[in-house]
Each structure stands twice: as structure tokens, then as C-alpha cells.
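**Q** Data: target_24.cif, mmCIF, C-alpha atoms.
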```cif
data_upload
#
loop_
_atom_site.label_atom_id
_atom_site.label_comp_id
_atom_site.auth_asym_id
_atom_site.auth_seq_id
_atom_site.Cartn_x
_atom_site.Cartn_y
_atom_site.Cartn_z
CA MET A 1 -8.80 39.77 18.86
CA SER A 2 -6.00 38.17 16.89
CA GLU A 3 -5.48 38.38 13.13
CA PRO A 4 -3.15 36.45 10.83
CA SER A 5 0.03 38.18 9.77
CA LEU A 6 -0.24 40.78 7.07
CA PRO A 7 1.49 39.90 3.80
CA SER A 8 4.94 41.44 3.44
CA ARG A 9 4.23 42.53 -0.14
CA THR A 10 3.54 46.16 0.82
CA SER A 11 6.73 46.55 2.86
CA SER A 12 8.80 44.78 0.22
CA ARG A 13 7.46 47.09 -2.47
CA ALA A 14 8.25 50.08 -0.25
CA VAL A 15 11.85 48.87 0.10
CA VAL A 16 12.15 48.66 -3.70
CA PHE A 17 10.70 52.17 -4.01
CA ILE A 18 13.13 53.69 -1.53
CA LEU A 19 16.16 51.94 -3.01
CA LEU A 20 15.26 53.23 -6.48
CA ALA A 21 14.66 56.71 -5.03
CA ALA A 22 18.07 56.55 -3.37
CA VAL A 23 19.85 55.69 -6.61
CA LEU A 24 18.09 58.50 -8.49
CA PHE A 25 18.93 61.09 -5.84
CA GLY A 26 22.46 59.76 -5.39
CA ALA A 27 23.16 60.51 -9.04
CA SER A 28 22.25 64.17 -8.52
CA ALA A 29 25.45 65.22 -6.71
CA PRO A 30 28.02 64.34 -9.41
CA LEU A 31 25.73 65.43 -12.23
CA SER A 32 24.98 68.72 -10.45
CA LYS A 33 28.71 69.17 -9.90
CA ILE A 34 29.16 69.06 -13.69
CA LEU A 35 26.35 71.59 -14.22
CA LEU A 36 27.84 73.97 -11.64
CA GLY A 37 30.52 74.75 -14.22
CA SER A 38 27.92 76.89 -16.02
CA PHE A 39 25.49 77.62 -13.17
CA ASP A 40 25.14 79.82 -10.14
CA PRO A 41 24.28 77.53 -7.16
CA ILE A 42 21.00 79.30 -6.31
CA ALA A 43 19.86 79.30 -9.94
CA LEU A 44 20.73 75.61 -10.30
CA ALA A 45 18.65 74.77 -7.21
CA GLY A 46 15.75 76.66 -8.76
CA PHE A 47 15.88 74.87 -12.12
CA LEU A 48 16.27 71.46 -10.46
CA TYR A 49 13.07 71.95 -8.48
CA LEU A 50 11.21 73.52 -11.40
CA GLY A 51 12.02 70.38 -13.39
CA SER A 52 10.66 68.17 -10.64
CA GLY A 53 7.47 70.23 -10.27
CA ILE A 54 6.69 70.56 -13.98
CA SER A 55 7.25 66.84 -14.65
CA ALA A 56 5.03 65.90 -11.69
CA TRP A 57 2.17 68.09 -12.90
CA ILE A 58 2.44 66.72 -16.45
CA ILE A 59 2.20 63.13 -15.16
CA TYR A 60 -0.63 64.12 -12.80
CA THR A 61 -2.63 65.70 -15.65
CA VAL A 62 -2.16 62.67 -17.91
CA GLN A 63 -3.20 60.27 -15.13
CA ARG A 64 -6.31 62.27 -14.27
CA ARG A 65 -7.42 62.31 -17.89
CA GLY A 66 -6.86 58.58 -18.21
CA LYS A 67 -8.75 57.66 -15.02
CA GLY A 68 -11.59 60.17 -15.39
CA SER A 69 -13.44 60.56 -12.10
CA GLN A 70 -11.79 57.59 -10.38
CA ASN A 71 -9.54 58.74 -7.53
CA ALA A 72 -6.63 56.34 -7.01
CA GLU A 73 -4.92 58.83 -4.68
CA ALA A 74 -6.27 61.18 -2.02
CA ARG A 75 -6.03 64.88 -2.82
CA LEU A 76 -4.44 67.48 -0.61
CA THR A 77 -6.85 69.36 1.65
CA ARG A 78 -6.73 72.64 3.55
CA SER A 79 -5.56 70.88 6.73
CA ASP A 80 -2.50 69.57 4.83
CA LEU A 81 -1.26 73.03 3.82
CA PRO A 82 0.76 73.88 6.97
CA TRP A 83 2.73 70.61 6.66
CA LEU A 84 3.24 71.20 2.93
CA ALA A 85 4.34 74.82 3.45
CA GLY A 86 6.94 73.75 6.00
CA ALA A 87 8.21 71.01 3.70
CA VAL A 88 8.50 73.42 0.78
CA ALA A 89 10.45 75.98 2.83
CA ALA A 90 12.80 73.47 4.50
CA GLY A 91 13.34 70.93 1.73
CA GLY A 92 12.47 72.87 -1.41
CA VAL A 93 14.18 76.21 -0.77
CA ILE A 94 16.72 76.17 2.07
CA ALA A 95 18.22 72.67 1.65
CA PRO A 96 18.88 72.77 -2.14
CA ILE A 97 20.56 76.19 -1.93
CA LEU A 98 22.79 74.98 0.91
CA LEU A 99 23.63 71.81 -1.03
CA MET A 100 24.54 73.62 -4.25
CA THR A 101 26.62 76.14 -2.27
CA GLY A 102 28.47 73.37 -0.45
CA LEU A 103 28.85 71.28 -3.59
CA ALA A 104 30.67 74.15 -5.30
CA GLU A 105 33.43 73.84 -2.64
CA THR A 106 33.41 70.07 -2.07
CA PRO A 107 34.40 67.05 -4.22
CA ALA A 108 31.30 65.34 -5.59
CA SER A 109 32.27 61.95 -4.12
CA THR A 110 32.65 63.41 -0.62
CA ALA A 111 29.44 65.44 -1.00
CA SER A 112 27.57 62.31 -2.11
CA LEU A 113 28.53 60.42 1.03
CA LEU A 114 27.93 63.40 3.30
CA LEU A 115 24.33 63.32 2.09
CA ASN A 116 23.98 60.17 4.20
CA PHE A 117 23.54 62.50 7.16
CA GLU A 118 20.05 63.28 5.83
CA GLY A 119 18.96 59.84 7.00
CA VAL A 120 20.39 60.45 10.46
CA ALA A 121 18.76 63.88 10.73
CA THR A 122 15.42 62.47 9.59
CA ALA A 123 15.56 59.60 12.07
CA LEU A 124 16.60 61.78 15.00
CA LEU A 125 13.79 64.26 14.32
CA ALA A 126 11.33 61.38 13.82
CA VAL A 127 12.20 59.88 17.20
CA TRP A 128 12.66 62.94 19.41
CA TRP A 129 10.26 65.44 17.86
CA PHE A 130 7.61 63.37 16.09
CA LYS A 131 7.78 60.44 18.57
CA GLU A 132 8.21 57.67 16.00
CA ALA A 133 9.12 54.35 17.62
CA VAL A 134 12.47 52.73 16.79
CA ASP A 135 14.44 50.01 18.54
CA ARG A 136 18.12 49.67 19.45
CA ARG A 137 18.89 48.15 16.06
CA ILE A 138 17.80 51.32 14.26
CA PHE A 139 19.67 53.51 16.76
CA LEU A 140 22.82 51.49 16.04
CA ALA A 141 22.33 51.98 12.30
CA MET A 142 21.90 55.73 12.84
CA GLY A 143 25.07 55.82 14.94
CA LEU A 144 27.14 54.06 12.28
CA VAL A 145 25.95 56.47 9.59
CA THR A 146 26.67 59.46 11.86
CA ILE A 147 30.25 58.33 12.46
CA ALA A 148 30.70 57.77 8.72
CA ALA A 149 29.40 61.28 7.96
CA ILE A 150 31.86 62.78 10.47
CA LEU A 151 34.76 60.89 8.88
CA LEU A 152 33.79 62.09 5.42
CA GLY A 153 33.41 65.73 6.44
CA TRP A 154 36.60 65.90 8.50
CA THR A 155 39.73 67.32 6.95
CA PRO A 156 43.03 67.69 8.83
CA GLY A 157 43.76 71.30 9.66
CA ARG A 158 42.84 74.13 11.93
CA TRP A 159 39.09 74.14 11.39
CA GLY A 160 38.42 70.43 10.85
CA PHE A 161 35.16 70.61 8.86
CA THR A 162 35.27 72.65 5.68
CA LEU A 163 32.61 75.30 5.14
CA GLY A 164 31.41 73.35 2.10
CA ALA A 165 30.96 70.20 4.18
CA LEU A 166 29.12 72.13 6.88
CA ALA A 167 26.76 73.59 4.26
CA ILE A 168 25.96 70.09 3.00
CA LEU A 169 25.34 68.82 6.55
CA ALA A 170 23.03 71.79 7.16
CA ALA A 171 21.17 70.91 3.95
CA CYS A 172 20.75 67.36 5.27
CA PHE A 173 19.20 68.69 8.49
CA PHE A 174 16.62 70.73 6.57
CA TRP A 175 15.85 67.77 4.31
CA GLY A 176 15.42 65.69 7.46
CA LEU A 177 12.87 68.23 8.70
CA ASP A 178 11.23 68.19 5.27
CA ASN A 179 10.94 64.37 5.37
CA ASN A 180 9.21 64.41 8.75
CA LEU A 181 6.81 67.14 7.70
CA THR A 182 6.04 65.25 4.48
CA ARG A 183 5.43 62.09 6.53
CA GLN A 184 2.36 63.81 8.00
CA ILE A 185 0.77 64.05 4.53
CA SER A 186 2.34 60.95 2.92
CA GLY A 187 -1.11 59.39 2.48
CA LYS A 188 -1.99 62.05 -0.08
CA ASP A 189 -1.20 62.08 -3.81
CA PRO A 190 2.62 62.19 -4.16
CA LEU A 191 2.37 63.84 -7.57
CA MET A 192 0.44 66.76 -6.07
CA ILE A 193 2.96 67.11 -3.24
CA VAL A 194 5.96 67.04 -5.59
CA GLY A 195 4.24 69.33 -8.09
CA VAL A 196 3.45 72.02 -5.53
CA LYS A 197 6.84 71.74 -3.83
CA GLY A 198 8.76 71.85 -7.11
CA LEU A 199 6.95 74.81 -8.65
CA VAL A 200 6.86 76.94 -5.49
CA ALA A 201 10.43 76.19 -4.39
CA GLY A 202 11.89 76.42 -7.89
CA THR A 203 10.20 79.74 -8.60
CA PHE A 204 11.34 81.19 -5.26
CA SER A 205 14.97 80.17 -5.81
CA LEU A 206 15.02 81.61 -9.33
CA LEU A 207 13.51 84.90 -8.15
CA LEU A 208 16.08 85.00 -5.35
CA ALA A 209 18.89 84.50 -7.88
CA ILE A 210 17.53 87.35 -10.01
CA VAL A 211 17.12 89.70 -7.04
CA LEU A 212 20.69 88.98 -5.93
CA GLY A 213 21.95 89.65 -9.46
CA ARG A 214 23.23 86.12 -10.02
CA PRO A 215 23.88 85.07 -13.65
CA LEU A 216 21.30 82.84 -15.35
CA PRO A 217 22.35 79.91 -17.59
CA SER A 218 21.70 79.34 -21.26
CA LEU A 219 18.45 77.67 -22.32
CA GLY A 220 20.30 74.44 -23.04
CA SER A 221 21.89 74.31 -19.61
CA ALA A 222 18.58 75.20 -17.96
CA GLY A 223 16.89 72.37 -19.87
CA LEU A 224 19.51 69.85 -18.70
CA ALA A 225 19.08 70.99 -15.09
CA MET A 226 15.30 70.61 -15.31
CA LEU A 227 15.67 67.15 -16.84
CA LEU A 228 17.98 66.14 -13.99
CA GLY A 229 15.51 67.60 -11.50
CA ALA A 230 12.63 65.63 -13.02
CA PHE A 231 14.34 62.32 -12.23
CA SER A 232 16.75 62.93 -9.33
CA TYR A 233 14.32 65.16 -7.40
CA GLY A 234 10.82 64.71 -8.83
CA LEU A 235 10.62 60.94 -9.37
CA SER A 236 12.89 60.29 -6.40
CA ILE A 237 10.67 62.31 -4.03
CA GLN A 238 7.52 60.58 -5.32
CA LEU A 239 9.02 57.17 -4.57
CA PHE A 240 10.24 58.44 -1.18
CA ILE A 241 6.70 59.51 -0.23
CA LEU A 242 5.27 56.14 -1.25
CA ALA A 243 7.86 54.43 0.96
CA LEU A 244 7.07 56.78 3.87
CA ARG A 245 3.51 55.44 3.92
CA SER A 246 4.67 51.91 4.66
CA LEU A 247 7.97 52.28 6.51
CA GLY A 248 7.80 55.52 8.50
CA ALA A 249 10.34 58.35 8.43
CA ALA A 250 13.18 56.77 10.43
CA ARG A 251 13.34 53.49 8.50
CA THR A 252 12.73 55.06 5.10
CA SER A 253 15.49 57.61 5.60
CA THR A 254 17.96 55.03 6.88
CA LEU A 255 17.44 52.90 3.77
CA TYR A 256 17.69 56.07 1.71
CA SER A 257 21.21 56.38 3.05
CA ILE A 258 22.47 54.13 0.25
CA SER A 259 21.92 57.03 -2.18
CA PRO A 260 25.46 58.40 -1.77
CA PHE A 261 26.95 55.11 -2.98
CA ALA A 262 25.43 55.76 -6.42
CA GLY A 263 26.82 59.30 -6.30
CA VAL A 264 30.29 58.13 -5.38
CA ALA A 265 30.31 55.55 -8.18
CA LEU A 266 29.34 58.20 -10.74
CA SER A 267 31.92 60.61 -9.29
CA PHE A 268 34.65 58.03 -9.88
CA ILE A 269 33.43 57.34 -13.42
CA LEU A 270 32.53 60.84 -14.64
CA LEU A 271 34.81 63.12 -12.63
CA HIS A 272 37.75 60.74 -11.99
CA GLU A 273 37.79 61.76 -8.33
CA ILE A 274 40.10 59.75 -6.08
CA PRO A 275 38.59 59.05 -2.64
CA THR A 276 40.41 60.17 0.48
CA LYS A 277 41.62 57.70 3.07
CA PHE A 278 38.63 58.57 5.25
CA PHE A 279 36.32 57.24 2.53
CA TRP A 280 37.55 53.70 3.04
CA PHE A 281 36.84 53.88 6.77
CA ALA A 282 33.39 55.40 6.23
CA LEU A 283 32.20 53.03 3.50
CA PRO A 284 31.96 49.82 5.61
CA LEU A 285 30.23 51.74 8.39
CA MET A 286 27.56 52.93 5.99
CA ILE A 287 27.13 49.45 4.51
CA ALA A 288 26.72 47.99 8.02
CA GLY A 289 24.13 50.63 8.90
CA ALA A 290 22.10 49.89 5.76
CA TRP A 291 22.23 46.13 6.45
CA LEU A 292 20.93 46.60 10.01
CA MET A 293 18.02 48.55 8.59
CA VAL A 294 17.08 46.10 5.83
CA SER A 295 17.26 43.03 8.09
CA GLU A 296 15.02 44.47 10.84
CA ARG A 297 11.84 42.57 11.78
CA HIS A 298 9.32 44.18 14.16
CA ALA A 299 6.21 42.31 15.43
CA HIS A 300 4.14 42.43 18.62
CA LEU A 301 0.58 42.60 19.92
CA HIS A 302 -0.70 46.13 19.33
CA LYS A 303 -3.93 48.10 19.48
CA HIS A 304 -5.50 50.29 16.81
CA ILE A 305 -7.63 53.17 18.06
CA PRO A 306 -10.64 54.32 15.99
CA LEU A 307 -9.40 56.45 13.09
CA THR A 308 -10.93 58.30 10.15
CA HIS A 309 -8.69 59.40 7.29
CA SER A 310 -8.27 59.38 3.52
CA HIS A 311 -5.56 57.70 1.46
CA ALA A 312 -5.03 55.18 -1.33
CA HIS A 313 -5.87 51.58 -0.33
CA THR A 314 -6.67 48.30 -2.04
CA HIS A 315 -9.59 45.84 -2.05
CA PRO A 316 -9.37 42.95 -1.42
CA GLY A 317 -6.20 41.81 0.36
CA ASP A 318 -5.64 44.35 3.14
CA LEU A 319 -6.64 43.38 6.68
CA HIS A 320 -6.89 47.04 7.68
CA HIS A 321 -9.38 47.90 4.94
CA GLN A 322 -12.30 45.50 5.17
CA HIS A 323 -15.04 48.15 4.96
CA GLU A 324 -17.99 47.57 2.65
CA HIS A 325 -18.42 49.12 -0.80
CA PRO A 326 -21.92 48.52 -2.12
CA GLY A 327 -21.79 48.18 -5.87
CA LEU A 328 -18.00 47.89 -6.07
CA ASP A 329 -17.13 45.35 -8.77
CA LEU A 330 -14.12 43.22 -7.78
CA SER A 331 -14.56 40.67 -10.53
CA SER A 332 -11.67 42.15 -12.51
CA GLY A 333 -9.23 41.80 -9.61
CA ARG A 334 -7.83 44.07 -6.92
CA ILE A 335 -8.95 47.71 -7.00
CA THR A 336 -6.97 50.65 -5.61
CA HIS A 337 -8.83 53.85 -4.79
CA ALA A 338 -8.92 56.69 -2.26
CA HIS A 339 -11.74 58.04 -0.10
CA GLU A 340 -12.43 58.99 3.51
CA HIS A 341 -12.99 55.84 5.54
CA GLU A 342 -13.20 54.77 9.16
CA HIS A 343 -11.12 52.21 11.08
CA GLN A 344 -12.66 50.47 14.07
CA ALA A 345 -10.74 49.61 17.24
CA LEU A 346 -8.65 46.47 16.69
CA THR A 347 -6.06 44.44 18.59
CA HIS A 348 -3.82 41.96 16.76
CA SER A 349 -0.22 40.88 16.16
CA HIS A 350 1.76 40.82 12.93
CA PRO A 351 5.04 42.17 11.47
CA HIS A 352 4.67 45.88 10.78
CA THR A 353 6.46 49.19 10.37
CA PRO A 354 5.35 52.74 11.32
CA ASP A 355 3.06 53.03 8.30
CA LEU A 356 -0.16 55.05 8.13
CA HIS A 357 -1.89 52.58 10.46
CA HIS A 358 0.92 51.71 12.89
CA ARG A 359 2.10 54.93 14.49
CA HIS A 360 1.36 53.70 17.99
CA GLY A 361 3.62 54.21 20.97
CA HIS A 362 5.84 51.53 22.46
CA THR A 363 6.34 50.84 26.15
CA PRO A 364 10.08 50.70 26.99
#
```
Now, as a test, write the supplied structure out as C-alpha cells.
**A**
Amino acid sequence: MSEPSLPSRTSSRAVVFILLAAVLFGASAPLSKILLGSFDPIALAGFLYLGSGISAWIIYTVQRRGKGSQNAEARLTRSDLPWLAGAVAAGGVIAPILLMTGLAETPASTASLLLNFEGVATALLAVWWFKEAVDRRIFLAMGLVTIAAILLGWTPGRWGFTLGALAILAACFFWGLDNNLTRQISGKDPLMIVGVKGLVAGTFSLLLAIVLGRPLPSLGSAGLAMLLGAFSYGLSIQLFILALRSLGAARTSTLYSISPFAGVALSFILLHEIPTKFFWFALPLMIAGAWLMVSERHAHLHKHIPLTHSHAHTHPGDLHHQHEHPGLDLSSGRITHAHEHEHQALTHSHPHTPDLHHRHGHTP
């Protein structure tokens, strides 16, 4: 059976989401560097994630009241909890503490570009552990970003990499693991995911700071950190999850690699940091990697196996969601809702990415 090509609107919107998420997160490094003047790194990580969690739950509560019983997003279920717990531990607790620790010893501009390694870590884990399909073009993009990250972290001297740079690279690995774990539940409500992750991870980091006897900031400084966390972590992660649904982990994370450019720009403006000579070698490599990712086009004949799941989808206008809804009124236009639904076996060809419905294998 052959179907006409799917519209590119969904993928295009996902690209916009991930680019905006990248800019928001990219701004976090230089702004966090400023806050570290009055913060312990572990406490700052805690307040950043508390800000993201609280803001997500506020928005979630307002949306639920406005929509009543209508479910535009699928809720988390018991089967999602192991994936969520792993994501909270890796990306909500371990990675932020490593980043703040490394940032305290590393220029914000260098730290911003080192964060590009998160995309490489995510893609490598997606391919080799979670078996997500990518072609040689994506591998080349990953390679360019890896080389750029090595150039940025390398400093002449006996040990090469600084301990601060190594801490940031370790944070990127754990965020890469977090991204792949979150991919497994990306069809569920992103506000719920961010809310749970932010509150649990933020509370844990703050308790850890207290147990270790670390100093806590003033209320004003804590408020600024939570405000930064609401945008650079909370909103950014929500947009990242929405992009994961359509693009898959490897492609989403590679596009996300532009986030350090925003951080570097702010570092130049706010902190007057002068880039090292390695920066000018790394920058074109990162730009080339991002371009390879954005310009990719993937289409072939593929088979869909029968599948039952729950996530947000739209009627009409989606070839993968043609199931019947007795009594559903479409006279006012397209309707987006979430419920458990079944997909029948289907074979067709169209441009696609590893979204919720295209996680099939590829014969070499």
C-alpha cells in the first residue's frame, strides 16, 4: 500500500521548537556563571531545577482548569516511571551538579561550547544503545561536533583537559542518557515530565547542599536562579521533548548543538570574555555539523507494525491517525487530543524522521 507524502509541517515545527530550546538553554551557562558569584554550585543546581519544576506545574494547573476534562496531552502512567526515574537521576541531579562544578572553574564561553558534546553523547547512545537509525550524514555531523568539543576542552600543558572541562563533558554524557530515557516517554505530557523532574531533582540537590554544609543564597539570589531555571531549563526541556516526538533523539540533540552559540554570544557581551584560538577552529566545525543536520532528508518504503499507544495527535490532517471518533465535532477545525488508540499494519513511503511512529530498523 502506498500513501502520499506526509506534510512537513510537523517536522518544521519541531525544528523551530528545538532551535528555541537551544537558545534558551545556551543562555544558561553565562547567566549561571554570574550567579555562581553568590552561589554554591550544588545549591545553584537545586534552585535552577526547582524553578523549572514549579513553573511547569503552575502552567499545567492553569491549562487543566482552562480545558476542563479535555485531555490534549497523554498523562504519565505507572509503566513510564522507570524511564522518568532514570531521567531525573541522570539529567536532573548528576548532570547539573557536574555542570555547575565545572562552570566554576571554566570560562563561560568555553563551557557554553563544550555543552555541544551533549548532542554527541545523546546521538551515540541513541544509535548504539537504543538502536535509533541514522545515516552517514548524521555520523559526519556527530564527528564534527566531537572534534570541536575536543578543541574547546583542550588546554596546552601537562594534563591537557582541565578538571572543569572534564566535569562539563561528564555532565553532557549524563544529559545524553537523560535525553534517550526521556525519548521513551516523549509522547506523554511534557509539563508533567518537567514538573516531576524539576521538583524531585531540585529538592534532592538542595538537601544534598544542606547535608554537606554548603552555604545557601539570599532569597533574592534564589529567586533569580529559579527564574532562570524556569526558562533555560523548564521551558527549554518542554520544547526539547516536543521535538523528540517528531525528530528522534539523535537528530534533536544534533540540532540542539547550536545552544552553545547563544551562550558564547552572551559571554562576550556580559562577561567580556575573549575566546581562545581554539574557539575559532571549533566554531566552523560546529556550524558545519548543524548544517548537515538541518539539510538532511530521509525517505523510503517502510512498514508499520500494529501498535497501541497513547499520545497527543490531531484530527484531521495526519495520515497515521485516521481512526474513527463517533460524535467528534470537527466543524470548528482541527482538534488535538490524547487517548489510547491502535495503529494497523501499513506500508508506505514518505519523508520521515524517527518520531513516535517511525522507530523502525534499517537494513544496511
**Q** From the options A:Leu191, A:Leu35, A:Leu124, A:Pro215, which residue's atoms come nearest to A:Ile58, counting only C-alpha atoms?
**A**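 Closest residue, counting only C-alpha atoms: A:Leu191.
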**Q** Excluding A:Phe204 and residues on its chain fewer than 4 positions from it, collect all residues at most 9 Å away from it, counting all atoms listed in the file, and give them as a PDB file with C-alpha atoms, in the coordinates of the input.
**A**
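The new file around.pdb reads:
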```
ATOM      1  CA  GLY A  46      15.750  76.660  -8.760  1.00  0.00           C
ATOM      2  CA  VAL A  93      14.180  76.210  -0.770  1.00  0.00           C
ATOM      3  CA  LEU A 199       6.950  74.810  -8.650  1.00  0.00           C
ATOM      4  CA  VAL A 200       6.860  76.940  -5.490  1.00  0.00           C
ATOM      5  CA  LEU A 208      16.080  85.000  -5.350  1.00  0.00           C
ATOM      6  CA  ALA A 209      18.890  84.500  -7.880  1.00  0.00           C
TER       7      ALA A 209
END
```
**Q** Would you work out the distance separating atom CA of A:Gly198 from atom CA of A:Thr77, expressed in Å to one decimal?
**A**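 These atoms are spaced 18.1 Å apart.
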**Q** Specify as JSON, numbers by chain each residue included when the PyMOL selection byres ((chain A and resi 255) around 12) is applied to this file.
**A** {"A": [14, 15, 16, 17, 18, 19, 20, 21, 22, 23, 116, 117, 118, 119, 120, 122, 123, 138, 141, 142, 145, 240, 243, 244, 247, 248, 249, 250, 251, 252, 253, 254, 256, 257, 258, 259, 260, 261, 286, 287, 288, 289, 290, 291, 292, 293, 294, 295, 296]}
**Q** Any chance you can output those residues with C-alpha atoms as a CSV table (one decimal), in the frame of the given file?
**A**
```csv
chain,number,residue,atom,x,y,z
A,14,ALA,CA,8.2,50.1,-0.2
A,15,VAL,CA,11.8,48.9,0.1
A,16,VAL,CA,12.2,48.7,-3.7
A,17,PHE,CA,10.7,52.2,-4.0
A,18,ILE,CA,13.1,53.7,-1.5
A,19,LEU,CA,16.2,51.9,-3.0
A,20,LEU,CA,15.3,53.2,-6.5
A,21,ALA,CA,14.7,56.7,-5.0
A,22,ALA,CA,18.1,56.6,-3.4
A,23,VAL,CA,19.8,55.7,-6.6
A,116,ASN,CA,24.0,60.2,4.2
A,117,PHE,CA,23.5,62.5,7.2
A,118,GLU,CA,20.0,63.3,5.8
A,119,GLY,CA,19.0,59.8,7.0
A,120,VAL,CA,20.4,60.4,10.5
A,122,THR,CA,15.4,62.5,9.6
A,123,ALA,CA,15.6,59.6,12.1
A,138,ILE,CA,17.8,51.3,14.3
A,141,ALA,CA,22.3,52.0,12.3
A,142,MET,CA,21.9,55.7,12.8
A,145,VAL,CA,26.0,56.5,9.6
A,240,PHE,CA,10.2,58.4,-1.2
A,243,ALA,CA,7.9,54.4,1.0
A,244,LEU,CA,7.1,56.8,3.9
A,247,LEU,CA,8.0,52.3,6.5
A,248,GLY,CA,7.8,55.5,8.5
A,249,ALA,CA,10.3,58.4,8.4
A,250,ALA,CA,13.2,56.8,10.4
A,251,ARG,CA,13.3,53.5,8.5
A,252,THR,CA,12.7,55.1,5.1
A,253,SER,CA,15.5,57.6,5.6
A,254,THR,CA,18.0,55.0,6.9
A,256,TYR,CA,17.7,56.1,1.7
A,257,SER,CA,21.2,56.4,3.0
A,258,ILE,CA,22.5,54.1,0.2
A,259,SER,CA,21.9,57.0,-2.2
A,260,PRO,CA,25.5,58.4,-1.8
A,261,PHE,CA,27.0,55.1,-3.0
A,286,MET,CA,27.6,52.9,6.0
A,287,ILE,CA,27.1,49.4,4.5
A,288,ALA,CA,26.7,48.0,8.0
A,289,GLY,CA,24.1,50.6,8.9
A,290,ALA,CA,22.1,49.9,5.8
A,291,TRP,CA,22.2,46.1,6.4
A,292,LEU,CA,20.9,46.6,10.0
A,293,MET,CA,18.0,48.6,8.6
A,294,VAL,CA,17.1,46.1,5.8
A,295,SER,CA,17.3,43.0,8.1
A,296,GLU,CA,15.0,44.5,10.8
```
**Q** Mind telling me what the PyMOL selection byres ((chain A and resi 170) around 12) catches here, as an MDAnalysis selection string?
**A** chainID A and resid 90:91 94:102 114:115 117:118 121 163:169 171:177
**Q** Enter the distance from atom CA of A:Ala282 to atom CA of A:Pro107, in Å, rounded to one decimal.
**A**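 Calculated distance between atom CA of A:Ala282 and atom CA of A:Pro107 is 15.7 Å.
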**Q** For the atom pair atom CA of A:Leu285 and atom CA of A:Phe268, what is the interatomic distance in Å to one decimal place?
**A**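 Distance reported for this atom pair: 19.8 Å.
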**Q** Evaluated on this file, the PyMOL selection byres ((chain A and resi 184-190) around 8) picks out some residues - which ones are they, written as a CSV table (one decimal) with C-alpha atoms, in the coordinates of the input?
**A**
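Output file out_19.csv is given in full below:
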```csv
chain,number,residue,atom,x,y,z
A,73,GLU,CA,-4.9,58.8,-4.7
A,74,ALA,CA,-6.3,61.2,-2.0
A,75,ARG,CA,-6.0,64.9,-2.8
A,76,LEU,CA,-4.4,67.5,-0.6
A,80,ASP,CA,-2.5,69.6,4.8
A,83,TRP,CA,2.7,70.6,6.7
A,84,LEU,CA,3.2,71.2,2.9
A,180,ASN,CA,9.2,64.4,8.8
A,181,LEU,CA,6.8,67.1,7.7
A,182,THR,CA,6.0,65.2,4.5
A,183,ARG,CA,5.4,62.1,6.5
A,191,LEU,CA,2.4,63.8,-7.6
A,192,MET,CA,0.4,66.8,-6.1
A,193,ILE,CA,3.0,67.1,-3.2
A,194,VAL,CA,6.0,67.0,-5.6
A,238,GLN,CA,7.5,60.6,-5.3
A,241,ILE,CA,6.7,59.5,-0.2
A,242,LEU,CA,5.3,56.1,-1.2
A,244,LEU,CA,7.1,56.8,3.9
A,245,ARG,CA,3.5,55.4,3.9
A,310,SER,CA,-8.3,59.4,3.5
A,311,HIS,CA,-5.6,57.7,1.5
A,312,ALA,CA,-5.0,55.2,-1.3
A,356,LEU,CA,-0.2,55.0,8.1
```
**Q** What's around A:Leu31 at 9 Å? Count only C-alpha atoms, leave out sequence neighbours fewer than 3 positions away in its own chain, and write the answer as a list in words.
**A**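 Skipping anything fewer than 3 positions along the chain leaves Ala27, Ser28, Ile34, Leu35, Leu36, Ala108, Leu228, Gly263, Leu266, Ser267 and Leu270 of chain A.
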**Q** Give the answer as one residue: which of A:Val264, A:Gly195, A:Gly220, A:Leu271 has the shortest atom-to-atom distance to A:Ser52, using all atoms listed in the file?
**A**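 Checking each of A:Val264, A:Gly195, A:Gly220, A:Leu271 against A:Ser52, counting all atoms listed in the file, the winner is A:Gly195.
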**Q** From the list A:Ile237, A:Ala265, A:Leu224, A:Leu44, which residue is nearest A:Ala104 when using all atoms listed in the file?
**A**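 For A:Ala104, the nearest of the given residues is A:Leu44.
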**Q** Using all atoms listed in the file, find all polymer residues with an atom at most 10 Å away from the point (11.8, 78.1, -13.8); report them as a PyMOL selection string.
**A** chain A and resi 43-44+46-51+53-54+198-207+222-223+226
**Q** Go through A:Ala230, A:Ala126, A:Leu239, A:Ala45 one by one, measure the shortest atom-to-atom distance of each to A:Asp178 using all atoms listed in the file, and give the residue with the smallest value.
**A** A:Ala126
